[in-house]
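Okay, work_7.json now, which holds JSON, C-alpha atoms:
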```json
[["chain", "number", "residue", "atom", "x", "y", "z"],
["A", 28, "MET", "CA", 13.49, -37.08, -111.01],
["A", 29, "ALA", "CA", 12.74, -33.53, -109.96],
["A", 30, "GLU", "CA", 9.21, -32.35, -110.66],
["A", 31, "THR", "CA", 9.01, -29.18, -112.72],
["A", 32, "ASP", "CA", 6.22, -26.61, -112.60],
["A", 33, "GLY", "CA", 7.66, -24.13, -115.07],
["A", 34, "ASP", "CA", 4.39, -23.77, -116.97],
["A", 35, "LYS", "CA", 2.43, -22.72, -113.88],
["A", 36, "LYS", "CA", 1.98, -19.05, -113.10],
["A", 37, "GLY", "CA", 2.37, -17.46, -109.70],
["A", 38, "ILE", "CA", 3.94, -20.41, -107.93],
["A", 39, "LEU", "CA", 3.71, -20.01, -104.16],
["A", 40, "LEU", "CA", 5.75, -22.11, -101.77],
["A", 41, "GLU", "CA", 4.10, -23.29, -98.58],
["A", 42, "THR", "CA", 5.86, -23.57, -95.26],
["A", 43, "GLY", "CA", 6.95, -27.12, -94.53],
["A", 44, "THR", "CA", 7.02, -28.35, -98.14],
["A", 45, "ASN", "CA", 10.85, -28.48, -98.21],
["A", 46, "GLU", "CA", 10.75, -27.10, -101.72],
["A", 47, "PHE", "CA", 12.42, -24.20, -103.44],
["A", 48, "GLU", "CA", 12.32, -22.63, -106.88],
["A", 49, "ILE", "CA", 15.10, -22.10, -109.38],
["A", 50, "VAL", "CA", 15.46, -20.09, -112.55],
["A", 51, "GLU", "CA", 17.04, -22.32, -115.19],
["A", 52, "PHE", "CA", 19.41, -20.78, -117.72],
["A", 53, "SER", "CA", 22.03, -22.08, -120.09],
["A", 54, "ILE", "CA", 25.48, -21.25, -121.41],
["A", 55, "GLY", "CA", 26.25, -23.35, -124.45],
["A", 56, "ALA", "CA", 25.05, -26.90, -123.85],
["A", 57, "VAL", "CA", 25.30, -26.66, -120.05],
["A", 58, "HIS", "CA", 22.22, -25.92, -117.94],
["A", 59, "TYR", "CA", 22.50, -23.97, -114.70],
["A", 60, "GLY", "CA", 20.17, -22.81, -111.97],
["A", 61, "ILE", "CA", 19.87, -19.99, -109.45],
["A", 62, "ASN", "CA", 17.54, -19.86, -106.46],
["A", 63, "VAL", "CA", 14.54, -17.65, -107.29],
["A", 64, "ALA", "CA", 14.88, -15.95, -103.90],
["A", 65, "LYS", "CA", 18.08, -14.31, -105.16],
["A", 66, "VAL", "CA", 16.64, -13.07, -108.47],
["A", 67, "ARG", "CA", 15.13, -9.61, -108.82],
["A", 68, "GLU", "CA", 14.36, -9.81, -112.53],
["A", 69, "VAL", "CA", 15.60, -10.95, -115.94],
["A", 70, "ILE", "CA", 16.24, -8.38, -118.67],
["A", 71, "THR", "CA", 17.69, -8.33, -122.16],
["A", 72, "ARG", "CA", 21.30, -7.24, -122.53],
["A", 73, "ALA", "CA", 21.74, -3.56, -121.72],
["A", 74, "PRO", "CA", 24.45, -1.05, -122.74],
["A", 75, "VAL", "CA", 27.51, -1.36, -120.52],
["A", 76, "THR", "CA", 30.00, 1.27, -119.37],
["A", 77, "SER", "CA", 33.52, -0.11, -118.95],
["A", 78, "MET", "CA", 35.28, 0.30, -115.62],
["A", 79, "PRO", "CA", 39.04, 0.89, -115.42],
["A", 80, "GLN", "CA", 40.97, -1.80, -113.52],
["A", 81, "ALA", "CA", 37.82, -3.84, -112.99],
["A", 82, "HIS", "CA", 37.96, -7.53, -112.13],
["A", 83, "PRO", "CA", 38.42, -9.68, -115.28],
["A", 84, "TYR", "CA", 34.93, -11.18, -114.81],
["A", 85, "ILE", "CA", 33.29, -7.73, -114.80],
["A", 86, "ASP", "CA", 32.20, -6.31, -118.17],
["A", 87, "GLY", "CA", 31.32, -2.96, -116.60],
["A", 88, "LEU", "CA", 28.25, -1.18, -115.26],
["A", 89, "PHE", "CA", 24.72, -1.08, -116.64],
["A", 90, "THR", "CA", 21.87, 1.12, -115.48],
["A", 91, "LEU", "CA", 18.52, -0.21, -114.33],
["A", 92, "ARG", "CA", 15.90, 2.34, -113.27],
["A", 93, "GLY", "CA", 18.61, 4.82, -112.35],
["A", 94, "LYS", "CA", 20.72, 2.32, -110.39],
["A", 95, "ALA", "CA", 24.24, 1.48, -111.60],
["A", 96, "ILE", "CA", 24.81, -2.28, -111.32],
["A", 97, "PRO", "CA", 28.01, -4.26, -112.04],
["A", 98, "LEU", "CA", 27.70, -6.89, -114.76],
["A", 99, "VAL", "CA", 29.47, -10.25, -114.44],
["A", 100, "ASN", "CA", 30.25, -12.08, -117.67],
["A", 101, "LEU", "CA", 29.26, -15.53, -116.43],
["A", 102, "PRO", "CA", 30.57, -17.46, -119.47],
["A", 103, "ARG", "CA", 34.00, -15.91, -118.87],
["A", 104, "CYS", "CA", 33.77, -16.57, -115.14],
["A", 105, "LEU", "CA", 32.94, -20.25, -115.74],
["A", 106, "ASN", "CA", 35.47, -20.51, -118.57],
["A", 107, "VAL", "CA", 32.76, -21.57, -121.03],
["A", 108, "ASN", "CA", 33.11, -20.42, -124.64],
["A", 109, "SER", "CA", 30.15, -21.69, -126.64],
["A", 110, "GLY", "CA", 30.54, -19.24, -129.50],
["A", 111, "ASN", "CA", 27.04, -17.90, -128.82],
["A", 112, "GLU", "CA", 26.32, -14.31, -127.87],
["A", 113, "PRO", "CA", 24.91, -13.98, -124.32],
["A", 114, "ASN", "CA", 21.89, -11.68, -124.54],
["A", 115, "ASN", "CA", 20.18, -11.95, -121.15],
["A", 116, "ILE", "CA", 21.00, -10.49, -117.75],
["A", 117, "ILE", "CA", 19.85, -12.08, -114.50],
["A", 118, "VAL", "CA", 19.64, -9.25, -111.98],
["A", 119, "THR", "CA", 20.25, -10.53, -108.47],
["A", 120, "GLU", "CA", 20.18, -9.17, -104.95],
["A", 121, "ILE", "CA", 22.45, -11.19, -102.69],
["A", 122, "ASN", "CA", 23.32, -10.01, -99.18],
["A", 123, "ASN", "CA", 21.93, -6.55, -100.05],
["A", 124, "TYR", "CA", 24.30, -6.38, -103.02],
["A", 125, "TYR", "CA", 22.87, -5.86, -106.52],
["A", 126, "ILE", "CA", 24.76, -7.53, -109.36],
["A", 127, "GLY", "CA", 23.86, -8.70, -112.85],
["A", 128, "PHE", "CA", 24.98, -11.93, -114.50],
["A", 129, "LEU", "CA", 25.27, -12.13, -118.28],
["A", 130, "VAL", "CA", 23.95, -15.47, -119.62],
["A", 131, "GLU", "CA", 22.77, -16.89, -122.94],
["A", 132, "ASN", "CA", 19.26, -18.29, -122.53],
["A", 133, "VAL", "CA", 16.86, -18.09, -119.59],
["A", 134, "SER", "CA", 14.29, -20.84, -120.00],
["A", 135, "ARG", "CA", 11.88, -21.37, -117.11],
["A", 136, "ILE", "CA", 11.19, -21.65, -113.39],
["A", 137, "HIS", "CA", 11.15, -25.04, -111.67],
["A", 138, "ARG", "CA", 9.87, -26.06, -108.28],
["A", 139, "ILE", "CA", 12.36, -28.47, -106.73],
["A", 140, "SER", "CA", 12.29, -30.62, -103.62],
["A", 141, "TRP", "CA", 15.49, -30.51, -101.58],
["A", 142, "LYS", "CA", 15.58, -34.31, -101.66],
["A", 143, "ASP", "CA", 15.92, -34.15, -105.46],
["A", 144, "MET", "CA", 19.16, -32.19, -105.27],
["A", 145, "GLU", "CA", 22.35, -34.24, -105.09],
["A", 146, "PRO", "CA", 25.84, -33.17, -104.00],
["A", 147, "SER", "CA", 28.15, -32.17, -106.80],
["A", 148, "PRO", "CA", 30.56, -34.97, -107.82],
["A", 149, "GLU", "CA", 34.08, -34.37, -106.54],
["A", 150, "VAL", "CA", 35.62, -33.67, -109.93],
["A", 151, "GLY", "CA", 38.04, -30.74, -109.85],
["A", 152, "ASP", "CA", 37.11, -27.49, -108.11],
["A", 153, "GLN", "CA", 33.38, -27.62, -107.39],
["A", 154, "SER", "CA", 33.28, -24.68, -104.95],
["A", 155, "ARG", "CA", 30.98, -22.79, -107.33],
["A", 156, "VAL", "CA", 28.40, -25.58, -107.49],
["A", 157, "VAL", "CA", 25.87, -26.08, -104.68],
["A", 158, "GLY", "CA", 24.54, -29.33, -106.13],
["A", 159, "ILE", "CA", 23.07, -31.03, -109.18],
["A", 160, "ILE", "CA", 19.42, -31.51, -110.11],
["A", 161, "LYS", "CA", 18.48, -34.37, -112.43],
["A", 162, "MET", "CA", 15.72, -33.46, -114.85],
["A", 163, "THR", "CA", 14.14, -35.92, -117.28],
["A", 164, "ASP", "CA", 16.54, -35.18, -120.14],
["A", 165, "ARG", "CA", 19.32, -33.09, -118.61],
["A", 166, "ILE", "CA", 21.27, -32.16, -115.51],
["A", 167, "VAL", "CA", 21.04, -28.68, -114.00],
["A", 168, "LEU", "CA", 23.96, -27.34, -111.98],
["A", 169, "LEU", "CA", 22.85, -25.10, -109.11],
["A", 170, "LEU", "CA", 25.54, -22.44, -108.83],
["A", 171, "ASP", "CA", 26.87, -20.88, -105.64],
["A", 172, "PHE", "CA", 26.56, -17.21, -106.58],
["A", 173, "GLU", "CA", 27.76, -16.07, -103.15],
["A", 174, "THR", "CA", 31.10, -17.74, -103.85],
["A", 175, "ILE", "CA", 31.36, -16.12, -107.28],
["A", 176, "ILE", "CA", 30.60, -12.68, -105.84],
["A", 177, "ALA", "CA", 33.14, -13.19, -103.04],
["A", 178, "GLU", "CA", 35.80, -14.08, -105.63],
["A", 179, "ILE", "CA", 35.11, -10.82, -107.43],
["A", 180, "ASN", "CA", 34.78, -8.63, -104.34],
["A", 181, "PRO", "CA", 36.35, -10.17, -101.20],
["A", 182, "GLU", "CA", 35.43, -7.01, -99.25],
["A", 183, "ILE", "CA", 31.83, -8.26, -99.15],
["A", 184, "ASN", "CA", 32.87, -11.07, -96.81],
["A", 185, "ALA", "CA", 34.63, -8.57, -94.58],
["A", 186, "LYS", "CA", 31.44, -6.49, -94.35],
["A", 187, "LEU", "CA", 29.35, -9.55, -93.52],
["A", 188, "THR", "CA", 31.65, -10.48, -90.64],
["A", 189, "THR", "CA", 32.03, -6.96, -89.24],
["A", 190, "PHE", "CA", 30.18, -6.78, -85.93],
["A", 191, "ALA", "CA", 30.54, -5.20, -82.52],
["A", 192, "GLU", "CA", 32.79, -7.22, -80.25],
["A", 193, "ALA", "CA", 30.70, -9.06, -77.68],
["A", 194, "THR", "CA", 31.54, -8.56, -74.02],
["A", 195, "GLU", "CA", 32.71, -11.52, -71.97],
["A", 196, "ASP", "CA", 29.40, -11.43, -70.09],
["A", 197, "THR", "CA", 27.46, -11.64, -73.38],
["A", 198, "LYS", "CA", 29.65, -14.47, -74.65],
["A", 199, "SER", "CA", 29.08, -16.32, -71.39],
["A", 200, "LYS", "CA", 25.31, -16.06, -71.84],
["A", 201, "ARG", "CA", 25.58, -17.27, -75.44],
["A", 202, "ALA", "CA", 27.91, -20.17, -74.64],
["A", 203, "ASN", "CA", 25.12, -22.67, -73.96],
["A", 204, "VAL", "CA", 22.71, -21.43, -76.64],
["A", 205, "HIS", "CA", 22.22, -23.86, -79.52],
["A", 206, "VAL", "CA", 22.01, -22.34, -83.02],
["A", 207, "VAL", "CA", 20.93, -24.05, -86.25],
["A", 208, "VAL", "CA", 22.08, -22.61, -89.59],
["A", 209, "ALA", "CA", 20.52, -23.59, -92.93],
["A", 210, "GLU", "CA", 22.18, -22.14, -96.03],
["A", 211, "ASP", "CA", 22.78, -23.66, -99.47],
["A", 212, "SER", "CA", 25.96, -21.69, -100.16],
["A", 213, "ALA", "CA", 28.89, -23.55, -98.57],
["A", 214, "MET", "CA", 30.98, -20.39, -98.53],
["A", 215, "LEU", "CA", 28.31, -18.32, -96.80],
["A", 216, "ARG", "CA", 27.46, -21.17, -94.43],
["A", 217, "ASP", "CA", 31.08, -21.44, -93.26],
["A", 218, "LEU", "CA", 31.19, -17.67, -92.88],
["A", 219, "LEU", "CA", 28.06, -17.67, -90.70],
["A", 220, "VAL", "CA", 29.33, -20.49, -88.50],
["A", 221, "THR", "CA", 32.69, -18.78, -87.98],
["A", 222, "THR", "CA", 31.00, -15.48, -87.16],
["A", 223, "LEU", "CA", 28.67, -17.14, -84.65],
["A", 224, "HIS", "CA", 31.58, -18.93, -82.98],
["A", 225, "ASP", "CA", 33.50, -15.67, -82.74],
["A", 226, "SER", "CA", 30.41, -14.07, -81.17],
["A", 227, "GLY", "CA", 30.37, -16.61, -78.35],
["A", 228, "TYR", "CA", 27.99, -19.29, -79.65],
["A", 229, "ARG", "CA", 29.75, -22.61, -79.07],
["A", 230, "PHE", "CA", 27.00, -24.98, -80.20],
["A", 231, "VAL", "CA", 26.28, -24.33, -83.88],
["A", 232, "ARG", "CA", 24.93, -26.96, -86.27],
["A", 233, "ASP", "CA", 24.90, -26.15, -89.95],
["A", 234, "PHE", "CA", 23.01, -27.73, -92.83],
["A", 235, "GLY", "CA", 23.02, -27.26, -96.59],
["A", 236, "ASN", "CA", 19.24, -27.05, -96.82],
["A", 237, "GLY", "CA", 16.15, -26.38, -94.75],
["A", 238, "ALA", "CA", 14.87, -29.96, -95.01],
["A", 239, "ASP", "CA", 17.87, -31.40, -93.16],
["A", 240, "ALA", "CA", 17.74, -28.61, -90.58],
["A", 241, "TRP", "CA", 14.02, -29.20, -90.02],
["A", 242, "GLU", "CA", 14.54, -32.95, -89.60],
["A", 243, "TYR", "CA", 17.28, -32.25, -87.05],
["A", 244, "LEU", "CA", 14.98, -29.91, -85.09],
["A", 245, "GLN", "CA", 12.14, -32.43, -85.16],
["A", 246, "ASN", "CA", 14.47, -35.11, -83.81],
["A", 247, "LEU", "CA", 15.54, -32.74, -81.04],
["A", 248, "ALA", "CA", 11.90, -32.07, -80.17],
["A", 249, "GLY", "CA", 11.32, -35.81, -79.87],
["A", 250, "LYS", "CA", 14.29, -36.11, -77.53],
["A", 251, "ASP", "CA", 13.25, -33.09, -75.43],
["A", 252, "GLY", "CA", 16.26, -31.06, -76.50],
["A", 253, "PRO", "CA", 19.89, -31.46, -77.63]]
```
If you convert what's in this file into structure tokens, what do you get?
Amino acid sequence: MAETDGDKKGILLETGTNEFEIVEFSIGAVHYGINVAKVREVITRAPVTSMPQAHPYIDGLFTLRGKAIPLVNLPRCLNVNSGNEPNNIIVTEINNYYIGFLVENVSRIHRISWKDMEPSPEVGDQSRVVGIIKMTDRIVLLLDFETIIAEINPEINAKLTTFAEATEDTKSKRANVHVVVAEDSAMLRDLLVTTLHDSGYRFVRDFGNGADAWEYLQNLAGKDGP
């Protein structure tokens, strides 16, 4: 089972521990998680200004310290209707993009080891789920917020993959360089790999978490290179 440290204050992660932290929240009876690194803060529900012709998942804009931020109705996005009123907003910053997610209850922070996270079962469309974390009395679904944001605003992907075209000489120099990518979002990981390939890097290995990437690098070091 995953160890939880939600009652501890000021949790600091040390390099090499292969751990990460999640904020646990719920919608109805289902428990979800988001990587703490993507969370700016959690606030109570704020007044929202409707936007004409907005995406169906977007409730509108709310203001936080003078900054207008789009608000995603996560229960609607996940097609979960619990009958409860969502009263909390998780404010995130993902790829330099601020966006709020409306949820019901935000409970605590957990410290999780990557080895305690399991792949999502292949039941229906699981593109929005990074993996599952088994707690003592419940299962927490770690959501892929990059995928959700890309569904709402596909232009974000276009901005992430916009780069100056490399010259043939530059691509030639990059051709034998080995690159390791570690990213929990499958959508963003595929995007990074494609972008690197298009930039001339032929040898790219990608992993869903830092622990697997680190093990791969250690094995390479023991073999004196790839």
Rounded to one decimal, what separation in Å do you get between CA of Arg201 in chain A and CA of Thr221 in chain A? 14.5 Å
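Distances to Ala95 in chain A were evaluated for A:Phe234, A:Tyr125, A:Tyr59, A:Phe52 using all atoms listed in the file, and the minimum falls at A:Tyr125.
Separating CA of Val99 in chain A from CA of Ile126 in chain A is a distance of 7.4 Å.
Among the candidates A:Ile159, A:Glu242, A:Arg216, A:Ser199, the one nearest to Tyr228 in chain A when counting only C-alpha atoms is A:Ser199.
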Please identify all polymer residues lying at most 10 Å from the point (28.4, -24.3, -116.9) (file coordinates), using only C-alpha atoms, and present the result as JSON, numbers by chain. {"A": [52, 53, 54, 55, 56, 57, 58, 59, 60, 101, 102, 104, 105, 106, 107, 108, 156, 167, 168, 169, 170]}
Between CA of Gly110 in chain A and CA of Ser134 in chain A - distance in Å to one decimal: 18.9 Å
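Residues within 12 Å of Leu223 in chain A, counting all atoms listed in the file and excluding same-chain residues fewer than 5 positions away, are Leu187, Thr188, Thr189, Phe190, Glu192, Ala193, Lys198, Arg201, Ala202, Val204, His205, Val206, Val207, Val208, Arg216, Asp217, Leu218, Tyr228, Arg229, Phe230, Val231, Arg232 and Asp233 of chain A.
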Please produce an output containing C-alpha atoms for each residue in the selection, written as a PDB file, in the coordinates of the input.
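Contents of the output file again_6.pdb:
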```pdb
ATOM      1  CA  LEU A 187      29.350  -9.550 -93.520  1.00  0.00           C
ATOM      2  CA  THR A 188      31.650 -10.480 -90.640  1.00  0.00           C
ATOM      3  CA  THR A 189      32.030  -6.960 -89.240  1.00  0.00           C
ATOM      4  CA  PHE A 190      30.180  -6.780 -85.930  1.00  0.00           C
ATOM      5  CA  GLU A 192      32.790  -7.220 -80.250  1.00  0.00           C
ATOM      6  CA  ALA A 193      30.700  -9.060 -77.680  1.00  0.00           C
ATOM      7  CA  LYS A 198      29.650 -14.470 -74.650  1.00  0.00           C
ATOM      8  CA  ARG A 201      25.580 -17.270 -75.440  1.00  0.00           C
ATOM      9  CA  ALA A 202      27.910 -20.170 -74.640  1.00  0.00           C
ATOM     10  CA  VAL A 204      22.710 -21.430 -76.640  1.00  0.00           C
ATOM     11  CA  HIS A 205      22.220 -23.860 -79.520  1.00  0.00           C
ATOM     12  CA  VAL A 206      22.010 -22.340 -83.020  1.00  0.00           C
ATOM     13  CA  VAL A 207      20.930 -24.050 -86.250  1.00  0.00           C
ATOM     14  CA  VAL A 208      22.080 -22.610 -89.590  1.00  0.00           C
ATOM     15  CA  ARG A 216      27.460 -21.170 -94.430  1.00  0.00           C
ATOM     16  CA  ASP A 217      31.080 -21.440 -93.260  1.00  0.00           C
ATOM     17  CA  LEU A 218      31.190 -17.670 -92.880  1.00  0.00           C
ATOM     18  CA  TYR A 228      27.990 -19.290 -79.650  1.00  0.00           C
ATOM     19  CA  ARG A 229      29.750 -22.610 -79.070  1.00  0.00           C
ATOM     20  CA  PHE A 230      27.000 -24.980 -80.200  1.00  0.00           C
ATOM     21  CA  VAL A 231      26.280 -24.330 -83.880  1.00  0.00           C
ATOM     22  CA  ARG A 232      24.930 -26.960 -86.270  1.00  0.00           C
ATOM     23  CA  ASP A 233      24.900 -26.150 -89.950  1.00  0.00           C
TER      24      ASP A 233
END
```
Using all atoms listed in the file, which residues sit within 7 Å of Trp141 in chain A once same-chain residues fewer than 4 positions away are excluded, as a PyMOL selection string? chain A and resi 45-46+236+238
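Considering the residues A:Gly237, A:Lys65, A:Ile160, A:Glu195 and counting all atoms listed in the file, Arg138 in chain A has its shortest atom-to-atom contact with A:Ile160.
Nearest-residue note for Pro97 in chain A: choosing from A:Val50, A:Val157, A:Ile179, A:Val130, the minimum distance belongs to A:Ile179, counting only C-alpha atoms.
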Once 6 Å is added on each side, what centre and edge lengths in Å to one decimal does the axis-aligned box around all listed atoms of range 79-95 of chain A have, as JSON?
```
{"center_x": 28.4, "center_y": -3.2, "center_z": -114.3, "size_x": 37.1, "size_y": 28.0, "size_z": 19.8}
```
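Minimum atom-to-atom distances from A:Arg72, A:Arg92, A:His82, A:Arg135 to Glu112 in chain A were compared using all atoms listed in the file, and the lowest value belongs to A:Arg72.
Among the candidates A:Arg67, A:Lys200, A:Arg155, A:Lys161, the one nearest to Thr174 in chain A when counting all atoms listed in the file is A:Arg155.
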